[in-house]
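Worksheet: the structure to be examined is printed underneath.
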Amino acid sequence: MPVSLVQGDSLLAVDVGAATTRAVLFDVVEGEYRFLAAGSAPSTAEAPFKDVIEGVRDAITNLQSVIGRNLLDENRSLITPSQPDGSGVDAFVSTLSAGPALKTVIVGLLPDVSLESARRLAETTYARLIDSISLTDHRKPDQQIDTLLRLRPDMVVITGGADGGASRSIHKTLEPVGLAGYLLAPEKRPAVLFAGNQKLDDEVKELLGGVTSALHFSPNVRPSLETEDIEPASRELAQLYLGVRKRQLKGVDVLETWSGGHVLPTAYAEGRMLRFLGQVYGGTKGGILGVDLGASAAVIAAGFKDKTVLGVYPQFGLGENLPALLQFTQLEDILRWSPLDISAGTLRDYLYQKSLYPSSIPATKEDQTIAQAVSRQALYLAMQTIKRDFPRSARAPKAGLLPLFEPILAGGGPLGDAPTPGQSLLLLLDGVQPVGVTTIILDRNNLLPLLGAAAERNSLLPVQVLESGAFQSLGSVVSVIASASYGELVLRARLTYDNGTEARADVKYGSLELLPLPTGQSAKLTLQPQRGADVGFGPGRGGTVSVSGGAMGVVMDGRGRPLALPDDPVRRRELIKKWLWTIGG
Amino acid sequence: MLAPVHHILPLTTIVRERLLPVKGKVNARLNQKVSPTDIVAEATWAREHVLVDVARVLNLTADAADKLIRCKVGDRVSVGTVIATGRGLLPKTVKVPKEGRVTAAGGGQVLLEVGESRMELRAGISGNVVQIIPDRGVVIQTSGALIQGVWGNGRVDTGVMINLAEKPVTVLTAGRLDVSFRGSVIIAAQVRDAETLQAAADLPVRGLILASLYPSLLPMAREMRYPILLTDGFGSMPMNSAAYKLLTTNAKREATLNAEVFDRYSGAQPEVIIPLPVSSEPALPRDVETFAPGQTVRMRRSPMMGMIGSIMNLHPGLTMLPGGLRAVCAEIKFENGEQALVPLVNLEVVG
């Protein structure tokens, strides 16, 4: 039951990340919900603490020192509901991403159909795919059993069969899972989600019920060959994930008690907010995009009018998985983003050393440069990965590019904690490479997933906080698609302010141009592409759009899409320095 | 703020669990004195499984096939044993393809365990067994010096430590490894080539204690059958002074090198244990501290990564770092005399 706004209930939301735990307080100010303050502390899922609640208490203690009011009692337990002396809170919610990615096996009938749906479903949570089983698998069933015994998955996601369709084939794929579960010690059995032909639920229960650590059922992800619906299954998968975490990590049960069961995986909660925002704002221009770069994973959520795509990529997380990034990219591809001359060996050492201490932060300029280069490449790879799952209706202006997104919300350590708004913006433009005209909003306090979790208890709170200015607008960006030589004019822009004054910019290929437009102000932006360039209206077509201001005003990105950096390292580094200087880095 | 602790201790009480990954038999007794190579527990499990699809071979339904299956769970069966016979004048038979034990029978199928893998769990350290964990393993207690590392290749062994690190930056080369070092645990700072790792294997040595190793050599290091432990990290880092001093002053003593793979969730960490005689039980190491002035700390990240220093004072509020970030910091005086403001999240207490 949603809590009434009239009651003016305060809500404490805590995100337990792999490296950092954040506590955020929302309360009613002048009749509306506001974000009041945040406190953070290192997460304590790992040894020697091995109890997430310690980090939660530390984060709340830090929050207490900011707000000057007690939320924990002398035993460090949560005071709830709020007391007449101002201590305590009325409600508590939590999100969780701490812990190693769940070792996951996906099972389906055909690789291009149900197995692909299983993959997409598994990628909506913190999962690492370690094997797949399908009808085209060349291994014998006993070999599949031995593989499962050796890999010991935390989770198995099973799909297959349209509702009322195939059953014998599914039985065949279930057998190795059931027999491996039977052979494993009870505490080592995987949790299983069955998201296939619903007619088989009873049979699956009979076959797997006694040989899994938890057996979940969800509506079929492919009720028919042509239809895929991941969302209901991803909700069940979120519950499965929390169940596994509860067994793995001490303290998650305390979070559940404090929140009355309102704990969600961070990525799921973020996807939920994007889904909501996509329905409200998406559609006319394309979609809405959320990116969150964290230690545990890169999380990308794209909300379109008819579909939300959520991708959770532990392989692109910036914490303990960092060395594995080299399975997806070359050192040179990371170094291309660096304005400093850094050797491949230095970068390689950095990736390995950082993986030992995920919560450490860059203290020197060189370290910061490396960290940002790694973040850019991780974000770039995550965007390239999720692109394949965008709906066909989300058409890009040019093959290989992104569809139009308005706005783009960005959060996570490297983006939210960048030293200047310009550095945050440039990191995002390089990693995401948006097209057309879009507004960039920075979620400095990582509120988005917490609002997604809060929505379960109070549907008004997220709406009012979103409208309250708790997020920082970095400004409006015009990203030009053009084929030109460096220095050639690709766009003429005119910004007409509300008071009638104008500012103009000629944008040359390979450059960034800024026009001032403070936060809270809006203006009309008239765009005249040159040489057949495309700014979202079609090749060579111009137009006038309303834009809103932000920390960086209106930014015109004339560097082309896809962004092609010069091959010559000296020239490339000089150019990156110039871009950083232009954008105030 | 809570501080992680990195143990480099000249004398402490060390308590370690030694557990089988699967259920097995515990050989050690309570209060038994054990040496590192003693087998304290052992377990066996099937090497592979064979699934015999009786229903498919006999072309019957699963229920019909079940009625014809003659073996039951637990039966030992040899190659060629008939486990089901079909019906008719010329009935088909289903025979066991490999010798094994029946682990499941039903649904028209028979699942066999074939072959045996055996695991012997060694004590890893010398000490007293202070607890038996039924079917899983033991808890062993000892006293001595403890030096934790940051990376290990998963091997364990014991031997006399030989110091080949004249300085904390000394690079060990294959040429320095002569036959007199056979069976020893070698202390060095760095290895920069595959030849040296191979030369150590060829001797063989009982272990390598290094400050750092190039990431490109990690795959080979993982393959080596002797333990390799890194005290500081990756690349060409020197050995931190606390570890260097403690290791080199204990050279020629016997040490256990447990190069356990670092697991941040379980707390498993590679370590060197040097057993020392004691008259009374020294204190157990503390796993968590709160940052405070006077503490000895080690840098986890640049600048001066790996260097030891002491906290002069803790700065209130957030401090801007040269890289542009703001963080809670402490002023550190390093052993080379330099001072710097360092984010607390980049520090660990040494003790």
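Here, A, B, ... name the chains of the structure tokens in the order displayed, residue numbers run from 1 inside each chain, and ligands are numbered from 1 in the same displayed order.
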
Please report, as a tab-separated table, each residue of chain B lying at most 8 Å from chain A, together with the nearest pair of atoms and the separation in Å rounded to one decimal; use only C-alpha atoms, and order rows by chain and ascending residue number.
residue	atom	partner	partner_atom	distance
B:Pro4	CA	A:Pro48	CA	7.7
B:Glu48	CA	A:Asp146	CA	6.2
B:His49	CA	A:Asp142	CA	5.7
B:Val50	CA	A:Asp142	CA	5.3
B:Leu51	CA	A:Asp142	CA	5.4
B:Val150	CA	A:Leu356	CA	7.5
B:Tyr214	CA	A:Asp349	CA	7.4
B:Pro215	CA	A:Asp349	CA	6.7
B:Gly233	CA	A:Gln353	CA	6.2
B:Phe234	CA	A:Asp349	CA	5.6
B:Gly235	CA	A:Asp349	CA	5.3
B:Arg264	CA	A:Glu46	CA	5.4
B:Tyr265	CA	A:Glu46	CA	4.3
B:Ser266	CA	A:Ala47	CA	6.0
B:Gly267	CA	A:Ala47	CA	4.7
B:Asp287	CA	A:Pro48	CA	6.1
B:Val288	CA	A:Pro48	CA	7.1
B:Arg300	CA	A:Tyr357	CA	7.1
B:Arg301	CA	A:Ser360	CA	7.0
B:Ser302	CA	A:Ala363	CA	7.0
B:Pro303	CA	A:Thr364	CA	6.8
B:Leu321	CA	A:Ala363	CA	5.6
B:Pro322	CA	A:Thr364	CA	5.3
B:Gly323	CA	A:Lys365	CA	4.0
B:Gly324	CA	A:Pro419	CA	4.8
B:Leu325	CA	A:Pro419	CA	5.2
B:Arg326	CA	A:Pro419	CA	7.9
B:Val342	CA	A:Ala363	CA	7.4
B:Pro343	CA	A:Ala363	CA	7.4
B:Val345	CA	A:Ser360	CA	5.2
B:Asn346	CA	A:Ser360	CA	4.9

Tell me, as number ranges by chain, which residues lie within 6 Å of range 309-320 of chain B, counting only C-alpha atoms; anything in the same chain fewer than 3 positions away does not count.
B: 293-297, 325-335

Would you compute the distance between CA of Leu111 in chain B and CA of His216 in chain A? Give it in Å to one decimal.
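A separation of 26.2 Å between them.
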
Determine which residues of range 113-233 of chain B DSSP labels as strand (DSSP E) from the backbone of this structure, then write them out as a PDB file with C-alpha atoms, in the first residue's frame.
ATOM      1  CA  GLU B 113      29.609 -42.798 -11.136  1.00  0.00           C
ATOM      2  CA  VAL B 114      32.765 -43.843 -12.931  1.00  0.00           C
ATOM      3  CA  SER B 117      39.245 -38.563  -7.952  1.00  0.00           C
ATOM      4  CA  ARG B 118      40.985 -38.270  -4.657  1.00  0.00           C
ATOM      5  CA  MET B 119      41.918 -35.193  -2.698  1.00  0.00           C
ATOM      6  CA  GLU B 120      44.334 -35.080   0.186  1.00  0.00           C
ATOM      7  CA  LEU B 121      44.126 -32.033   2.408  1.00  0.00           C
ATOM      8  CA  ARG B 122      47.462 -31.164   3.979  1.00  0.00           C
ATOM      9  CA  GLY B 127      50.813 -26.547  14.871  1.00  0.00           C
ATOM     10  CA  ASN B 128      48.163 -28.101  17.058  1.00  0.00           C
ATOM     11  CA  VAL B 129      44.762 -29.275  15.920  1.00  0.00           C
ATOM     12  CA  VAL B 130      42.431 -27.252  18.147  1.00  0.00           C
ATOM     13  CA  GLN B 131      39.130 -28.197  16.505  1.00  0.00           C
ATOM     14  CA  ILE B 132      37.741 -30.969  14.325  1.00  0.00           C
ATOM     15  CA  ILE B 133      35.048 -30.004  11.841  1.00  0.00           C
ATOM     16  CA  GLY B 137      38.493 -30.649   8.168  1.00  0.00           C
ATOM     17  CA  VAL B 138      40.348 -29.120  11.088  1.00  0.00           C
ATOM     18  CA  VAL B 139      41.363 -25.889  12.781  1.00  0.00           C
ATOM     19  CA  ILE B 140      45.087 -25.600  13.444  1.00  0.00           C
ATOM     20  CA  GLN B 141      46.811 -23.162  15.787  1.00  0.00           C
ATOM     21  CA  THR B 142      50.433 -22.129  15.809  1.00  0.00           C
ATOM     22  CA  SER B 143      52.652 -19.230  16.867  1.00  0.00           C
ATOM     23  CA  GLY B 144      55.152 -17.355  14.770  1.00  0.00           C
ATOM     24  CA  ALA B 145      55.709 -14.592  12.269  1.00  0.00           C
ATOM     25  CA  LEU B 146      52.975 -13.865   9.738  1.00  0.00           C
ATOM     26  CA  ILE B 147      53.418 -12.034   6.447  1.00  0.00           C
ATOM     27  CA  GLN B 148      50.342 -11.703   4.263  1.00  0.00           C
ATOM     28  CA  TRP B 151      48.357 -12.740  -4.734  1.00  0.00           C
ATOM     29  CA  GLY B 152      49.057 -16.461  -4.659  1.00  0.00           C
ATOM     30  CA  VAL B 156      51.422 -24.645  -0.580  1.00  0.00           C
ATOM     31  CA  ASP B 157      54.780 -25.952   0.597  1.00  0.00           C
ATOM     32  CA  THR B 158      57.338 -25.681   3.349  1.00  0.00           C
ATOM     33  CA  GLY B 159      61.068 -25.133   3.246  1.00  0.00           C
ATOM     34  CA  VAL B 160      63.997 -23.162   4.540  1.00  0.00           C
ATOM     35  CA  MET B 161      63.900 -19.540   3.365  1.00  0.00           C
ATOM     36  CA  ILE B 162      66.903 -18.316   1.386  1.00  0.00           C
ATOM     37  CA  ASN B 163      67.264 -14.597   0.863  1.00  0.00           C
ATOM     38  CA  VAL B 171      65.427  -8.848  -9.704  1.00  0.00           C
ATOM     39  CA  LEU B 172      65.840 -12.603  -9.565  1.00  0.00           C
ATOM     40  CA  SER B 184      64.348 -23.913  -0.560  1.00  0.00           C
ATOM     41  CA  VAL B 185      61.831 -21.117  -0.364  1.00  0.00           C
ATOM     42  CA  ILE B 186      63.434 -18.225  -2.216  1.00  0.00           C
ATOM     43  CA  ILE B 187      62.952 -14.591  -1.162  1.00  0.00           C
ATOM     44  CA  GLN B 190      60.906  -9.377  -8.697  1.00  0.00           C
ATOM     45  CA  VAL B 191      60.959 -11.909 -11.500  1.00  0.00           C
ATOM     46  CA  GLY B 207      58.487 -21.657  -3.214  1.00  0.00           C
ATOM     47  CA  LEU B 208      59.058 -18.112  -4.386  1.00  0.00           C
ATOM     48  CA  ILE B 209      58.267 -15.059  -2.285  1.00  0.00           C
ATOM     49  CA  LEU B 210      58.228 -11.994  -4.518  1.00  0.00           C
ATOM     50  CA  ALA B 211      57.184  -8.386  -4.149  1.00  0.00           C
ATOM     51  CA  SER B 212      55.626  -8.175  -7.587  1.00  0.00           C
ATOM     52  CA  LEU B 213      55.299  -9.887 -10.943  1.00  0.00           C
ATOM     53  CA  ILE B 228      54.447 -18.272  -5.594  1.00  0.00           C
ATOM     54  CA  LEU B 229      53.367 -15.416  -3.351  1.00  0.00           C
ATOM     55  CA  LEU B 230      53.403 -11.698  -4.133  1.00  0.00           C
ATOM     56  CA  THR B 231      53.699  -9.405  -1.128  1.00  0.00           C
ATOM     57  CA  ASP B 232      52.810  -6.155  -2.893  1.00  0.00           C
ATOM     58  CA  GLY B 233      51.227  -6.409  -6.308  1.00  0.00           C
TER      59      GLY B 233
END

Who sits within 12 Å of Ser218 in chain A, only C-alpha atoms, same chain under 5 positions skipped, as a list of chain:residue names
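In the requested form, the answer reads A:Leu121, A:Val157, A:Ile158, A:Thr159, A:Val192, A:Leu193, A:Phe194, A:Ala195, A:Gly196, A:Asn197, A:Gln198, A:Lys199, A:Leu200, A:Asp201, A:Pro223, A:Asp229, A:Ile230, A:Glu231, A:Pro232, A:Ala233, A:Ser234, A:Arg235, A:Glu236, A:Leu237, A:Ala238, A:Gln239, A:Leu240.
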
If you run DSSP on the backbone, which residues of range 67-210 of chain B are alpha helix (DSSP H), as a ChimeraX atom specification?
/B:67-68,194-202

Taking N, CA and C atoms for each residue, export the selection above as a PDB file, in the first residue's frame.
ATOM      1  N   LYS B  67      10.522 -50.626 -15.111  1.00  0.00           N
ATOM      2  CA  LYS B  67      10.143 -51.967 -14.621  1.00  0.00           C
ATOM      3  C   LYS B  67      11.174 -53.018 -15.008  1.00  0.00           C
ATOM      4  N   LEU B  68      11.973 -52.716 -16.028  1.00  0.00           N
ATOM      5  CA  LEU B  68      12.941 -53.704 -16.513  1.00  0.00           C
ATOM      6  C   LEU B  68      14.362 -53.487 -15.967  1.00  0.00           C
ATOM      7  N   ALA B 194      59.997 -15.439 -17.997  1.00  0.00           N
ATOM      8  CA  ALA B 194      59.481 -16.800 -17.850  1.00  0.00           C
ATOM      9  C   ALA B 194      60.613 -17.790 -17.541  1.00  0.00           C
ATOM     10  N   GLU B 195      61.820 -17.508 -18.033  1.00  0.00           N
ATOM     11  CA  GLU B 195      62.944 -18.424 -17.846  1.00  0.00           C
ATOM     12  C   GLU B 195      63.227 -18.628 -16.357  1.00  0.00           C
ATOM     13  N   THR B 196      63.119 -17.557 -15.590  1.00  0.00           N
ATOM     14  CA  THR B 196      63.414 -17.657 -14.157  1.00  0.00           C
ATOM     15  C   THR B 196      62.367 -18.513 -13.450  1.00  0.00           C
ATOM     16  N   LEU B 197      61.102 -18.318 -13.821  1.00  0.00           N
ATOM     17  CA  LEU B 197      60.046 -19.146 -13.212  1.00  0.00           C
ATOM     18  C   LEU B 197      60.288 -20.618 -13.550  1.00  0.00           C
ATOM     19  N   GLN B 198      60.701 -20.869 -14.795  1.00  0.00           N
ATOM     20  CA  GLN B 198      60.945 -22.244 -15.222  1.00  0.00           C
ATOM     21  C   GLN B 198      62.181 -22.823 -14.528  1.00  0.00           C
ATOM     22  N   ALA B 199      63.225 -21.995 -14.382  1.00  0.00           N
ATOM     23  CA  ALA B 199      64.445 -22.459 -13.710  1.00  0.00           C
ATOM     24  C   ALA B 199      64.136 -22.852 -12.270  1.00  0.00           C
ATOM     25  N   ALA B 200      63.267 -22.097 -11.619  1.00  0.00           N
ATOM     26  CA  ALA B 200      62.877 -22.418 -10.237  1.00  0.00           C
ATOM     27  C   ALA B 200      62.116 -23.739 -10.202  1.00  0.00           C
ATOM     28  N   ALA B 201      61.340 -23.982 -11.247  1.00  0.00           N
ATOM     29  CA  ALA B 201      60.587 -25.243 -11.314  1.00  0.00           C
ATOM     30  C   ALA B 201      61.532 -26.409 -11.573  1.00  0.00           C
ATOM     31  N   ASP B 202      62.556 -26.177 -12.365  1.00  0.00           N
ATOM     32  CA  ASP B 202      63.473 -27.256 -12.742  1.00  0.00           C
ATOM     33  C   ASP B 202      64.355 -27.706 -11.580  1.00  0.00           C
TER      34      ASP B 202
END

Nearest to Thr544 in chain A by atom-to-atom distance, counting only C-alpha atoms, from A:Ala493, A:Val291, A:Ala101, A:Leu340
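Closest residue, counting only C-alpha atoms: A:Ala493.
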
Which of these, A:Val52, A:Ser169, A:Gly68, A:Thr501, has the shortest distance to Ala37 in chain A once you count only C-alpha atoms?
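For Ala37 in chain A, the nearest of the candidates is A:Gly68.
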
Who sits within 6 Å of Leu461 in chain A, only C-alpha atoms, same chain under 3 positions skipped, as JSON, numbers by chain
{"A": [33, 458, 464]}

Write the residues of the selection above to a file with C-alpha atoms, as a compact mmCIF listing (two decimals), in the first residue's frame.
# COMPACT_ATOMS: atom_id res chain seq x y z
CA TYR A 33 9.38 15.12 -1.14
CA ASN A 458 5.70 5.48 -2.03
CA GLN A 464 8.54 14.69 -6.72
